[in-house]
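For reference, model02.cif is printed below; it contains mmCIF, N, CA and C atoms.
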data_query
#
loop_
_atom_site.label_atom_id
_atom_site.label_comp_id
_atom_site.auth_asym_id
_atom_site.auth_seq_id
_atom_site.Cartn_x
_atom_site.Cartn_y
_atom_site.Cartn_z
N MET A 1304 -15.96 -5.43 -12.96
CA MET A 1304 -14.95 -6.48 -12.99
C MET A 1304 -15.57 -7.73 -12.40
N SER A 1305 -15.52 -8.82 -13.11
CA SER A 1305 -16.11 -10.05 -12.63
C SER A 1305 -15.10 -10.83 -11.79
N PRO A 1306 -15.59 -11.75 -10.91
CA PRO A 1306 -14.68 -12.52 -10.06
C PRO A 1306 -13.65 -13.25 -10.91
N GLY A 1307 -12.43 -13.21 -10.48
CA GLY A 1307 -11.35 -13.89 -11.18
C GLY A 1307 -10.73 -13.08 -12.30
N GLU A 1308 -11.35 -11.96 -12.66
CA GLU A 1308 -10.78 -11.13 -13.71
C GLU A 1308 -9.74 -10.20 -13.11
N LEU A 1309 -8.64 -10.08 -13.77
CA LEU A 1309 -7.54 -9.28 -13.26
C LEU A 1309 -7.66 -7.86 -13.76
N LYS A 1310 -7.57 -6.93 -12.85
CA LYS A 1310 -7.48 -5.52 -13.23
C LYS A 1310 -6.02 -5.15 -13.01
N GLN A 1311 -5.30 -4.94 -14.08
CA GLN A 1311 -3.88 -4.65 -13.99
C GLN A 1311 -3.66 -3.16 -13.89
N VAL A 1312 -2.86 -2.78 -12.95
CA VAL A 1312 -2.50 -1.38 -12.77
C VAL A 1312 -0.98 -1.31 -12.73
N ASP A 1313 -0.42 -0.55 -13.65
CA ASP A 1313 1.03 -0.36 -13.61
C ASP A 1313 1.35 0.60 -12.49
N ARG A 1314 2.19 0.17 -11.57
CA ARG A 1314 2.52 0.97 -10.40
C ARG A 1314 4.02 1.14 -10.31
N LEU A 1315 4.42 1.77 -9.25
CA LEU A 1315 5.84 1.92 -8.98
C LEU A 1315 6.45 0.55 -8.76
N PRO A 1316 7.78 0.41 -8.85
CA PRO A 1316 8.42 -0.89 -8.66
C PRO A 1316 8.02 -1.58 -7.35
N ALA A 1317 7.80 -0.82 -6.28
CA ALA A 1317 7.33 -1.39 -5.01
C ALA A 1317 5.93 -0.85 -4.77
N ASP A 1318 4.93 -1.72 -4.77
CA ASP A 1318 3.55 -1.28 -4.59
C ASP A 1318 3.41 -0.57 -3.26
N GLY A 1319 2.74 0.59 -3.27
CA GLY A 1319 2.50 1.34 -2.05
C GLY A 1319 3.51 2.43 -1.76
N GLU A 1320 4.54 2.55 -2.57
CA GLU A 1320 5.53 3.60 -2.36
C GLU A 1320 4.96 4.94 -2.83
N GLY A 1321 5.22 5.97 -2.07
CA GLY A 1321 4.89 7.31 -2.51
C GLY A 1321 3.42 7.67 -2.43
N SER A 1322 2.63 6.88 -1.73
CA SER A 1322 1.21 7.18 -1.65
C SER A 1322 0.81 7.32 -0.19
N ALA A 1323 -0.36 7.93 0.05
CA ALA A 1323 -0.86 8.04 1.42
C ALA A 1323 -1.05 6.63 1.94
N ARG A 1324 -0.42 6.31 3.04
CA ARG A 1324 -0.35 4.93 3.51
C ARG A 1324 -1.70 4.27 3.70
N GLU A 1325 -2.62 4.94 4.36
CA GLU A 1325 -3.92 4.32 4.64
C GLU A 1325 -4.73 4.16 3.35
N HIS A 1326 -4.74 5.20 2.52
CA HIS A 1326 -5.55 5.15 1.30
C HIS A 1326 -4.99 4.17 0.28
N ALA A 1327 -3.71 3.93 0.32
CA ALA A 1327 -3.12 2.97 -0.61
C ALA A 1327 -3.69 1.57 -0.38
N ALA A 1328 -4.14 1.27 0.83
CA ALA A 1328 -4.76 -0.02 1.13
C ALA A 1328 -6.28 0.07 1.13
N LEU A 1329 -6.84 1.23 1.45
CA LEU A 1329 -8.30 1.37 1.47
C LEU A 1329 -8.91 1.34 0.08
N GLN A 1330 -8.26 1.96 -0.88
CA GLN A 1330 -8.83 2.03 -2.22
C GLN A 1330 -9.01 0.64 -2.84
N PRO A 1331 -8.01 -0.25 -2.81
CA PRO A 1331 -8.25 -1.59 -3.37
C PRO A 1331 -9.39 -2.32 -2.65
N ARG A 1332 -9.48 -2.13 -1.33
CA ARG A 1332 -10.58 -2.76 -0.59
C ARG A 1332 -11.92 -2.21 -1.06
N PHE A 1333 -12.01 -0.90 -1.24
CA PHE A 1333 -13.23 -0.25 -1.71
C PHE A 1333 -13.67 -0.84 -3.05
N TYR A 1334 -12.72 -1.15 -3.92
CA TYR A 1334 -13.03 -1.71 -5.23
C TYR A 1334 -13.24 -3.23 -5.19
N GLY A 1335 -13.19 -3.83 -4.00
CA GLY A 1335 -13.47 -5.26 -3.87
C GLY A 1335 -12.28 -6.15 -4.19
N CYS A 1336 -11.09 -5.60 -4.13
CA CYS A 1336 -9.88 -6.36 -4.42
C CYS A 1336 -9.59 -7.34 -3.29
N GLY A 1337 -9.35 -8.59 -3.61
CA GLY A 1337 -9.03 -9.60 -2.60
C GLY A 1337 -7.55 -9.89 -2.49
N LEU A 1338 -6.81 -9.63 -3.55
CA LEU A 1338 -5.37 -9.83 -3.49
C LEU A 1338 -4.69 -8.91 -4.47
N ILE A 1339 -3.46 -8.60 -4.16
CA ILE A 1339 -2.62 -7.78 -5.04
C ILE A 1339 -1.33 -8.54 -5.27
N VAL A 1340 -0.95 -8.62 -6.52
CA VAL A 1340 0.29 -9.28 -6.92
C VAL A 1340 1.25 -8.19 -7.37
N ALA A 1341 2.46 -8.21 -6.83
CA ALA A 1341 3.45 -7.19 -7.18
C ALA A 1341 4.85 -7.79 -7.15
N ARG A 1342 5.75 -7.08 -7.78
CA ARG A 1342 7.17 -7.48 -7.75
C ARG A 1342 7.73 -7.28 -6.35
N SER A 1343 7.25 -6.22 -5.65
CA SER A 1343 7.63 -5.98 -4.27
C SER A 1343 6.63 -5.02 -3.66
N PHE A 1344 6.67 -4.91 -2.34
CA PHE A 1344 5.77 -4.02 -1.60
C PHE A 1344 6.57 -3.18 -0.63
N ALA A 1345 6.16 -1.94 -0.46
CA ALA A 1345 6.69 -1.15 0.65
C ALA A 1345 6.22 -1.86 1.93
N ARG A 1346 7.09 -1.97 2.92
CA ARG A 1346 6.82 -2.77 4.12
C ARG A 1346 5.53 -2.36 4.82
N ILE A 1347 5.35 -1.09 5.06
CA ILE A 1347 4.15 -0.63 5.77
C ILE A 1347 2.91 -0.85 4.93
N HIS A 1348 3.01 -0.64 3.63
CA HIS A 1348 1.87 -0.86 2.75
C HIS A 1348 1.44 -2.32 2.76
N GLU A 1349 2.40 -3.22 2.74
CA GLU A 1349 2.07 -4.65 2.78
C GLU A 1349 1.26 -4.97 4.04
N THR A 1350 1.69 -4.46 5.18
CA THR A 1350 0.96 -4.69 6.43
C THR A 1350 -0.41 -4.05 6.39
N ASN A 1351 -0.51 -2.83 5.86
CA ASN A 1351 -1.81 -2.16 5.76
C ASN A 1351 -2.77 -2.93 4.86
N LEU A 1352 -2.29 -3.52 3.77
CA LEU A 1352 -3.14 -4.34 2.92
C LEU A 1352 -3.70 -5.52 3.72
N LYS A 1353 -2.83 -6.18 4.47
CA LYS A 1353 -3.27 -7.32 5.29
C LYS A 1353 -4.33 -6.88 6.29
N LYS A 1354 -4.11 -5.72 6.91
CA LYS A 1354 -5.08 -5.21 7.88
C LYS A 1354 -6.44 -4.94 7.24
N GLN A 1355 -6.44 -4.62 5.95
CA GLN A 1355 -7.69 -4.36 5.24
C GLN A 1355 -8.30 -5.64 4.65
N GLY A 1356 -7.68 -6.78 4.92
CA GLY A 1356 -8.21 -8.05 4.42
C GLY A 1356 -7.82 -8.36 3.00
N ILE A 1357 -6.76 -7.74 2.52
CA ILE A 1357 -6.27 -7.96 1.16
C ILE A 1357 -4.96 -8.73 1.23
N LEU A 1358 -4.86 -9.78 0.45
CA LEU A 1358 -3.66 -10.62 0.45
C LEU A 1358 -2.62 -10.07 -0.51
N PRO A 1359 -1.47 -9.61 -0.01
CA PRO A 1359 -0.38 -9.21 -0.89
C PRO A 1359 0.45 -10.45 -1.28
N LEU A 1360 0.61 -10.66 -2.55
CA LEU A 1360 1.43 -11.77 -3.04
C LEU A 1360 2.64 -11.21 -3.79
N TRP A 1361 3.79 -11.73 -3.44
CA TRP A 1361 5.05 -11.33 -4.07
C TRP A 1361 5.34 -12.29 -5.23
N LEU A 1362 5.70 -11.76 -6.39
CA LEU A 1362 6.14 -12.60 -7.50
C LEU A 1362 7.49 -13.21 -7.14
N VAL A 1363 7.62 -14.51 -7.27
CA VAL A 1363 8.90 -15.16 -7.00
C VAL A 1363 9.93 -14.74 -8.05
N ASP A 1364 9.52 -14.73 -9.30
CA ASP A 1364 10.36 -14.26 -10.41
C ASP A 1364 9.77 -12.93 -10.88
N LYS A 1365 10.44 -11.83 -10.58
CA LYS A 1365 9.91 -10.51 -10.91
C LYS A 1365 9.61 -10.36 -12.40
N ALA A 1366 10.32 -11.09 -13.25
CA ALA A 1366 10.10 -11.00 -14.70
C ALA A 1366 8.74 -11.60 -15.09
N SER A 1367 8.16 -12.44 -14.23
CA SER A 1367 6.87 -13.05 -14.56
C SER A 1367 5.72 -12.04 -14.52
N TYR A 1368 6.00 -10.82 -14.06
CA TYR A 1368 5.01 -9.74 -14.10
C TYR A 1368 4.47 -9.56 -15.52
N ALA A 1369 5.36 -9.76 -16.51
CA ALA A 1369 4.98 -9.60 -17.91
C ALA A 1369 4.05 -10.70 -18.39
N ASP A 1370 3.93 -11.79 -17.63
CA ASP A 1370 3.04 -12.90 -18.01
C ASP A 1370 1.58 -12.64 -17.65
N ILE A 1371 1.31 -11.56 -16.92
CA ILE A 1371 -0.05 -11.26 -16.48
C ILE A 1371 -0.49 -9.96 -17.14
N SER A 1372 -1.66 -9.99 -17.76
CA SER A 1372 -2.16 -8.81 -18.48
C SER A 1372 -3.61 -8.54 -18.09
N ALA A 1373 -4.07 -7.35 -18.43
CA ALA A 1373 -5.48 -7.02 -18.24
C ALA A 1373 -6.32 -8.01 -19.03
N HIS A 1374 -7.46 -8.36 -18.50
CA HIS A 1374 -8.44 -9.28 -19.11
C HIS A 1374 -8.07 -10.75 -18.96
N ASP A 1375 -6.93 -11.06 -18.33
CA ASP A 1375 -6.62 -12.45 -18.02
C ASP A 1375 -7.54 -12.91 -16.90
N ARG A 1376 -7.80 -14.18 -16.86
CA ARG A 1376 -8.53 -14.79 -15.73
C ARG A 1376 -7.47 -15.44 -14.86
N VAL A 1377 -7.58 -15.20 -13.55
CA VAL A 1377 -6.56 -15.69 -12.63
C VAL A 1377 -7.20 -16.56 -11.57
N GLN A 1378 -6.66 -17.75 -11.39
CA GLN A 1378 -7.12 -18.68 -10.36
C GLN A 1378 -5.94 -18.96 -9.43
N THR A 1379 -6.21 -18.97 -8.13
CA THR A 1379 -5.14 -19.27 -7.18
C THR A 1379 -5.10 -20.77 -6.91
N VAL A 1380 -3.90 -21.28 -6.77
CA VAL A 1380 -3.69 -22.69 -6.41
C VAL A 1380 -2.83 -22.68 -5.15
N GLY A 1381 -3.34 -23.26 -4.08
CA GLY A 1381 -2.61 -23.31 -2.82
C GLY A 1381 -3.10 -22.32 -1.79
N LEU A 1382 -3.95 -21.39 -2.19
CA LEU A 1382 -4.45 -20.38 -1.26
C LEU A 1382 -5.39 -20.98 -0.22
N GLU A 1383 -6.21 -21.93 -0.63
CA GLU A 1383 -7.15 -22.55 0.32
C GLU A 1383 -6.41 -23.20 1.49
N ALA A 1384 -5.30 -23.86 1.21
CA ALA A 1384 -4.52 -24.50 2.29
C ALA A 1384 -3.93 -23.45 3.24
N ILE A 1385 -3.55 -22.30 2.72
CA ILE A 1385 -3.04 -21.23 3.58
C ILE A 1385 -4.16 -20.74 4.49
N MET A 1386 -5.32 -20.54 3.90
CA MET A 1386 -6.44 -19.99 4.67
C MET A 1386 -6.99 -20.98 5.70
N ASP A 1387 -6.89 -22.28 5.43
CA ASP A 1387 -7.40 -23.24 6.42
C ASP A 1387 -6.31 -23.77 7.36
N GLY A 1388 -5.09 -23.24 7.20
CA GLY A 1388 -4.02 -23.59 8.13
C GLY A 1388 -3.29 -24.89 7.84
N THR A 1389 -3.53 -25.49 6.68
CA THR A 1389 -2.87 -26.77 6.36
C THR A 1389 -1.70 -26.62 5.40
N ALA A 1390 -1.37 -25.40 5.02
CA ALA A 1390 -0.28 -25.18 4.05
C ALA A 1390 1.06 -25.56 4.65
N THR A 1391 1.91 -26.12 3.81
CA THR A 1391 3.26 -26.48 4.23
C THR A 1391 4.30 -25.60 3.53
N SER A 1392 3.82 -24.58 2.83
CA SER A 1392 4.70 -23.71 2.06
C SER A 1392 4.13 -22.30 2.06
N ASP A 1393 4.98 -21.34 1.72
CA ASP A 1393 4.53 -19.95 1.59
C ASP A 1393 4.18 -19.62 0.14
N ARG A 1394 4.07 -20.65 -0.71
CA ARG A 1394 3.86 -20.43 -2.14
C ARG A 1394 2.38 -20.51 -2.53
N VAL A 1395 2.03 -19.66 -3.47
CA VAL A 1395 0.72 -19.67 -4.11
C VAL A 1395 0.98 -19.60 -5.61
N ILE A 1396 0.33 -20.45 -6.35
CA ILE A 1396 0.47 -20.44 -7.81
C ILE A 1396 -0.72 -19.68 -8.38
N LEU A 1397 -0.44 -18.78 -9.31
CA LEU A 1397 -1.50 -18.13 -10.06
C LEU A 1397 -1.61 -18.85 -11.40
N ARG A 1398 -2.76 -19.42 -11.65
CA ARG A 1398 -3.02 -20.04 -12.95
C ARG A 1398 -3.68 -18.96 -13.80
N VAL A 1399 -2.95 -18.47 -14.76
CA VAL A 1399 -3.36 -17.33 -15.58
C VAL A 1399 -3.86 -17.86 -16.93
N THR A 1400 -5.13 -17.59 -17.21
CA THR A 1400 -5.72 -17.99 -18.50
C THR A 1400 -5.89 -16.74 -19.35
N LYS A 1401 -5.22 -16.74 -20.47
CA LYS A 1401 -5.27 -15.62 -21.42
C LYS A 1401 -6.60 -15.66 -22.18
N PRO A 1402 -7.03 -14.53 -22.73
CA PRO A 1402 -8.25 -14.53 -23.54
C PRO A 1402 -8.21 -15.55 -24.69
N SER A 1403 -7.01 -15.88 -25.14
CA SER A 1403 -6.84 -16.86 -26.22
C SER A 1403 -7.03 -18.30 -25.73
N GLY A 1404 -7.06 -18.50 -24.41
CA GLY A 1404 -7.17 -19.84 -23.85
C GLY A 1404 -5.84 -20.39 -23.35
N GLU A 1405 -4.74 -19.74 -23.72
CA GLU A 1405 -3.42 -20.15 -23.26
C GLU A 1405 -3.36 -20.02 -21.73
N VAL A 1406 -2.74 -21.02 -21.07
CA VAL A 1406 -2.64 -21.01 -19.61
C VAL A 1406 -1.17 -20.95 -19.21
N LYS A 1407 -0.87 -20.05 -18.28
CA LYS A 1407 0.48 -19.93 -17.72
C LYS A 1407 0.36 -20.05 -16.21
N GLU A 1408 1.40 -20.53 -15.57
CA GLU A 1408 1.42 -20.56 -14.11
C GLU A 1408 2.52 -19.63 -13.62
N VAL A 1409 2.15 -18.80 -12.65
CA VAL A 1409 3.06 -17.81 -12.08
C VAL A 1409 3.20 -18.11 -10.60
N GLU A 1410 4.43 -18.30 -10.15
CA GLU A 1410 4.67 -18.62 -8.74
C GLU A 1410 4.79 -17.34 -7.91
N CYS A 1411 4.05 -17.31 -6.80
CA CYS A 1411 4.07 -16.19 -5.87
C CYS A 1411 4.33 -16.72 -4.47
N ARG A 1412 4.62 -15.80 -3.55
CA ARG A 1412 4.78 -16.18 -2.15
C ARG A 1412 4.07 -15.16 -1.29
N HIS A 1413 3.69 -15.59 -0.09
CA HIS A 1413 3.05 -14.69 0.86
C HIS A 1413 3.92 -14.57 2.10
N THR A 1414 3.62 -13.58 2.93
CA THR A 1414 4.38 -13.37 4.17
C THR A 1414 3.42 -13.30 5.37
N LEU A 1415 2.29 -14.01 5.28
CA LEU A 1415 1.28 -13.95 6.33
C LEU A 1415 1.72 -14.67 7.59
N SER A 1416 1.48 -14.04 8.73
CA SER A 1416 1.63 -14.72 10.01
C SER A 1416 0.30 -15.41 10.32
N THR A 1417 0.27 -16.20 11.38
CA THR A 1417 -0.96 -16.88 11.78
C THR A 1417 -2.06 -15.86 12.07
N ASP A 1418 -1.75 -14.81 12.81
CA ASP A 1418 -2.75 -13.77 13.10
C ASP A 1418 -3.23 -13.10 11.82
N GLN A 1419 -2.33 -12.84 10.89
CA GLN A 1419 -2.71 -12.17 9.65
C GLN A 1419 -3.63 -13.04 8.80
N VAL A 1420 -3.47 -14.35 8.86
CA VAL A 1420 -4.41 -15.24 8.18
C VAL A 1420 -5.80 -15.05 8.79
N GLU A 1421 -5.85 -14.91 10.11
CA GLU A 1421 -7.13 -14.66 10.79
C GLU A 1421 -7.75 -13.35 10.33
N TRP A 1422 -6.93 -12.32 10.12
CA TRP A 1422 -7.44 -11.05 9.62
C TRP A 1422 -8.12 -11.25 8.27
N LEU A 1423 -7.46 -11.99 7.38
CA LEU A 1423 -8.04 -12.22 6.06
C LEU A 1423 -9.32 -13.03 6.16
N ARG A 1424 -9.34 -14.05 7.01
CA ARG A 1424 -10.56 -14.84 7.19
C ARG A 1424 -11.72 -13.97 7.65
N ALA A 1425 -11.44 -13.03 8.54
CA ALA A 1425 -12.48 -12.16 9.11
C ALA A 1425 -12.85 -11.00 8.17
N GLY A 1426 -12.05 -10.76 7.16
CA GLY A 1426 -12.31 -9.65 6.24
C GLY A 1426 -11.46 -8.43 6.51
N SER A 1427 -10.89 -8.33 7.70
CA SER A 1427 -9.95 -7.26 8.03
C SER A 1427 -9.49 -7.47 9.47
N ALA A 1428 -8.43 -6.77 9.85
CA ALA A 1428 -7.93 -6.87 11.23
C ALA A 1428 -8.97 -6.33 12.20
N LEU A 1429 -9.64 -5.25 11.83
CA LEU A 1429 -10.65 -4.66 12.71
C LEU A 1429 -11.82 -5.63 12.93
N ASN A 1430 -12.25 -6.31 11.87
CA ASN A 1430 -13.31 -7.32 12.02
C ASN A 1430 -12.87 -8.42 12.98
N TRP A 1431 -11.61 -8.85 12.84
CA TRP A 1431 -11.09 -9.93 13.68
C TRP A 1431 -11.04 -9.48 15.15
N ILE A 1432 -10.58 -8.27 15.39
CA ILE A 1432 -10.53 -7.74 16.76
C ILE A 1432 -11.95 -7.70 17.34
N GLY A 1433 -12.92 -7.29 16.54
CA GLY A 1433 -14.30 -7.26 17.00
C GLY A 1433 -14.83 -8.65 17.34
N GLU A 1434 -14.49 -9.64 16.49
CA GLU A 1434 -14.91 -11.01 16.75
C GLU A 1434 -14.33 -11.53 18.06
N VAL A 1435 -13.05 -11.28 18.27
CA VAL A 1435 -12.39 -11.74 19.50
C VAL A 1435 -13.03 -11.07 20.71
N ALA A 1436 -13.31 -9.77 20.63
CA ALA A 1436 -13.93 -9.05 21.74
C ALA A 1436 -15.33 -9.60 22.04
N ARG A 1437 -16.10 -9.90 21.00
CA ARG A 1437 -17.44 -10.46 21.19
C ARG A 1437 -17.38 -11.84 21.85
N GLN A 1438 -16.41 -12.64 21.43
CA GLN A 1438 -16.24 -13.97 22.01
C GLN A 1438 -15.87 -13.88 23.49
N LYS A 1439 -14.98 -12.95 23.81
CA LYS A 1439 -14.58 -12.75 25.21
C LYS A 1439 -15.76 -12.27 26.05
N ALA A 1440 -16.54 -11.35 25.51
CA ALA A 1440 -17.71 -10.83 26.23
C ALA A 1440 -18.74 -11.93 26.45
N ALA A 1441 -18.96 -12.76 25.43
CA ALA A 1441 -19.92 -13.85 25.55
C ALA A 1441 -19.45 -14.87 26.59
N ALA A 1442 -18.15 -15.14 26.60
CA ALA A 1442 -17.60 -16.10 27.57
C ALA A 1442 -17.69 -15.55 28.99
N ALA A 1443 -17.56 -14.26 29.14
CA ALA A 1443 -17.61 -13.64 30.47
C ALA A 1443 -19.04 -13.65 31.04
N THR A 1444 -20.02 -13.62 30.17
CA THR A 1444 -21.42 -13.61 30.64
C THR A 1444 -22.01 -15.00 30.72
N ALA A 1445 -21.30 -15.99 30.23
CA ALA A 1445 -21.82 -17.37 30.25
C ALA A 1445 -21.63 -18.06 31.59
#
Could you show the structure in this file as structure tokens?
Amino acid sequence: MSPGELKQVDRLPADGEGSAREHAALQPRFYGCGLIVARSFARIHETNLKKQGILPLWLVDKASYADISAHDRVQTVGLEAIMDGTATSDRVILRVTKPSGEVKEVECRHTLSTDQVEWLRAGSALNWIGEVARQKAAAATA
């Protein structure tokens, strides 16, 4: 799968329901997934995805799920502002380019807290905790 290419997986109505909680978030990370778009997420699964450095995005209009298909190219609009802390909204637009060249825009929203943005920047919550611990250790020896 090349960067920006969407791998569509039909799942349960709420992503992460009915699966082993940890593996439901580990498997997408193993496959190099950076974000998951769904109509809804099981609460614990959404948090576990964030802990693994994967951005869960909720479709604002659940019917827009049908606008995204396998082999579409997807570009995020507004994600950079979220990641650098300058965003004024919880919205991310997915610019979906069909193999035919047709372009659609799909509105999504995120539920990231400030700490969770740091987790994504670091690649995972565990990476972020390690970075903070290293910084504290370095400051203590300085």
Where does DSSP see strand (DSSP E or B) in chain A, if you list the residues as a tab-separated table (two decimals) with N, CA and C atoms, keeping the file's coordinate frame?
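Written out: out_33.tsv:
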chain	number	residue	atom	x	y	z
A	1308	GLU	N	-11.35	-11.96	-12.66
A	1308	GLU	CA	-10.78	-11.13	-13.71
A	1308	GLU	C	-9.74	-10.20	-13.11
A	1318	ASP	N	4.93	-1.72	-4.77
A	1318	ASP	CA	3.55	-1.28	-4.59
A	1318	ASP	C	3.41	-0.57	-3.26
A	1338	LEU	N	-6.81	-9.63	-3.55
A	1338	LEU	CA	-5.37	-9.83	-3.49
A	1338	LEU	C	-4.69	-8.91	-4.47
A	1339	ILE	N	-3.46	-8.60	-4.16
A	1339	ILE	CA	-2.62	-7.78	-5.04
A	1339	ILE	C	-1.33	-8.54	-5.27
A	1340	VAL	N	-0.95	-8.62	-6.52
A	1340	VAL	CA	0.29	-9.28	-6.92
A	1340	VAL	C	1.25	-8.19	-7.37
A	1341	ALA	N	2.46	-8.21	-6.83
A	1341	ALA	CA	3.45	-7.19	-7.18
A	1341	ALA	C	4.85	-7.79	-7.15
A	1344	PHE	N	6.67	-4.91	-2.34
A	1344	PHE	CA	5.77	-4.02	-1.60
A	1344	PHE	C	6.57	-3.18	-0.63
A	1358	LEU	N	-4.86	-9.78	0.45
A	1358	LEU	CA	-3.66	-10.62	0.45
A	1358	LEU	C	-2.62	-10.07	-0.51
A	1359	PRO	N	-1.47	-9.61	-0.01
A	1359	PRO	CA	-0.38	-9.21	-0.89
A	1359	PRO	C	0.45	-10.45	-1.28
A	1360	LEU	N	0.61	-10.66	-2.55
A	1360	LEU	CA	1.43	-11.77	-3.04
A	1360	LEU	C	2.64	-11.21	-3.79
A	1361	TRP	N	3.79	-11.73	-3.44
A	1361	TRP	CA	5.05	-11.33	-4.07
A	1361	TRP	C	5.34	-12.29	-5.23
A	1362	LEU	N	5.70	-11.76	-6.39
A	1362	LEU	CA	6.14	-12.60	-7.50
A	1362	LEU	C	7.49	-13.21	-7.14
A	1376	ARG	N	-7.80	-14.18	-16.86
A	1376	ARG	CA	-8.53	-14.79	-15.73
A	1376	ARG	C	-7.47	-15.44	-14.86
A	1377	VAL	N	-7.58	-15.20	-13.55
A	1377	VAL	CA	-6.56	-15.69	-12.63
A	1377	VAL	C	-7.20	-16.56	-11.57
A	1378	GLN	N	-6.66	-17.75	-11.39
A	1378	GLN	CA	-7.12	-18.68	-10.36
A	1378	GLN	C	-5.94	-18.96	-9.43
A	1379	THR	N	-6.21	-18.97	-8.13
A	1379	THR	CA	-5.14	-19.27	-7.18
A	1379	THR	C	-5.10	-20.77	-6.91
A	1380	VAL	N	-3.90	-21.28	-6.77
A	1380	VAL	CA	-3.69	-22.69	-6.41
A	1380	VAL	C	-2.83	-22.68	-5.15
A	1394	ARG	N	4.07	-20.65	-0.71
A	1394	ARG	CA	3.86	-20.43	-2.14
A	1394	ARG	C	2.38	-20.51	-2.53
A	1395	VAL	N	2.03	-19.66	-3.47
A	1395	VAL	CA	0.72	-19.67	-4.11
A	1395	VAL	C	0.98	-19.60	-5.61
A	1396	ILE	N	0.33	-20.45	-6.35
A	1396	ILE	CA	0.47	-20.44	-7.81
A	1396	ILE	C	-0.72	-19.68	-8.38
A	1397	LEU	N	-0.44	-18.78	-9.31
A	1397	LEU	CA	-1.50	-18.13	-10.06
A	1397	LEU	C	-1.61	-18.85	-11.40
A	1398	ARG	N	-2.76	-19.42	-11.65
A	1398	ARG	CA	-3.02	-20.04	-12.95
A	1398	ARG	C	-3.68	-18.96	-13.80
A	1399	VAL	N	-2.95	-18.47	-14.76
A	1399	VAL	CA	-3.36	-17.33	-15.58
A	1399	VAL	C	-3.86	-17.86	-16.93
A	1400	THR	N	-5.13	-17.59	-17.21
A	1400	THR	CA	-5.72	-17.99	-18.50
A	1400	THR	C	-5.89	-16.74	-19.35
A	1406	VAL	N	-2.74	-21.02	-21.07
A	1406	VAL	CA	-2.64	-21.01	-19.61
A	1406	VAL	C	-1.17	-20.95	-19.21
A	1407	LYS	N	-0.87	-20.05	-18.28
A	1407	LYS	CA	0.48	-19.93	-17.72
A	1407	LYS	C	0.36	-20.05	-16.21
A	1408	GLU	N	1.40	-20.53	-15.57
A	1408	GLU	CA	1.42	-20.56	-14.11
A	1408	GLU	C	2.52	-19.63	-13.62
A	1409	VAL	N	2.15	-18.80	-12.65
A	1409	VAL	CA	3.06	-17.81	-12.08
A	1409	VAL	C	3.20	-18.11	-10.60
A	1410	GLU	N	4.43	-18.30	-10.15
A	1410	GLU	CA	4.67	-18.62	-8.74
A	1410	GLU	C	4.79	-17.34	-7.91
A	1411	CYS	N	4.05	-17.31	-6.80
A	1411	CYS	CA	4.07	-16.19	-5.87
A	1411	CYS	C	4.33	-16.72	-4.47
A	1412	ARG	N	4.62	-15.80	-3.55
A	1412	ARG	CA	4.78	-16.18	-2.15
A	1412	ARG	C	4.07	-15.16	-1.29
Applying 7 Å and only C-alpha atoms, which residues near A:Lys1353 remain after dropping the ones on its own chain fewer than 5 positions away? List them as a PyMOL selection string.
chain A and resi 1358+1419+1423
Only N, CA and C atoms, please: the residues just picked out, written as an mmCIF file, keeping the file's coordinate frame.
data_model
loop_
_atom_site.group_PDB
_atom_site.id
_atom_site.type_symbol
_atom_site.label_atom_id
_atom_site.label_comp_id
_atom_site.auth_asym_id
_atom_site.auth_seq_id
_atom_site.Cartn_x
_atom_site.Cartn_y
_atom_site.Cartn_z
ATOM 1 N N LEU A 1358 -4.860 -9.780 0.450
ATOM 2 C CA LEU A 1358 -3.660 -10.620 0.450
ATOM 3 C C LEU A 1358 -2.620 -10.070 -0.510
ATOM 4 N N GLN A 1419 -2.330 -12.840 10.890
ATOM 5 C CA GLN A 1419 -2.710 -12.170 9.650
ATOM 6 C C GLN A 1419 -3.630 -13.040 8.800
ATOM 7 N N LEU A 1423 -7.460 -11.990 7.380
ATOM 8 C CA LEU A 1423 -8.040 -12.220 6.060
ATOM 9 C C LEU A 1423 -9.320 -13.030 6.160
#
Let me make sure I understand: among A:Val1395, A:Glu1405, A:His1348, A:Asp1418, which one has the smallest atom-to-atom distance to A:Gly1381 if we use all atoms listed in the file?
A:Val1395
Please enumerate the residues selected by the PyMOL selection byres ((chain A and resi 1425-1442) around 7) when evaluated against the supplied file, formatted as a VMD selection string.
chain A and resid 1353 to 1357 1420 to 1424 1443 to 1445
Could you please determine the separation between atom C of A:Ala1341 and atom C of A:Leu1360 in Å, to one decimal place?
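If I compute the distance from atom C of A:Ala1341 to atom C of A:Leu1360, I get 5.3 Å.
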Going by the chain IDs and residue numbers used in this file, which residues fall under the PyMOL selection byres ((chain A and resi 1363) around 6)? Write them as an NGL selection string.
:A and (1361-1362 or 1364-1365 or 1410-1412)
Å distance separating atom CA of A:Ala1345 from atom CA of A:Lys1407, one decimal place:
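A separation of 27.0 Å between them.
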So the first atom is atom C of A:Glu1349 and the second is atom CA of A:Ser1367; what is the distance between them in Å, to one decimal place?
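Interatomic distance here is 21.0 Å.
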Care to translate the PyMOL selection byres ((chain A and resi 1375-1378) around 6) into actual residues of this file, as number ranges by chain?
A: 1307-1309, 1372-1374, 1379-1380, 1396-1402
Write down as number ranges by chain the residues belonging to chain A that are assigned helix (DSSP H, G or I) by DSSP computed on the backbone.
A: 1324-1333, 1346-1354, 1365-1370, 1382-1386, 1417-1425, 1428-1444
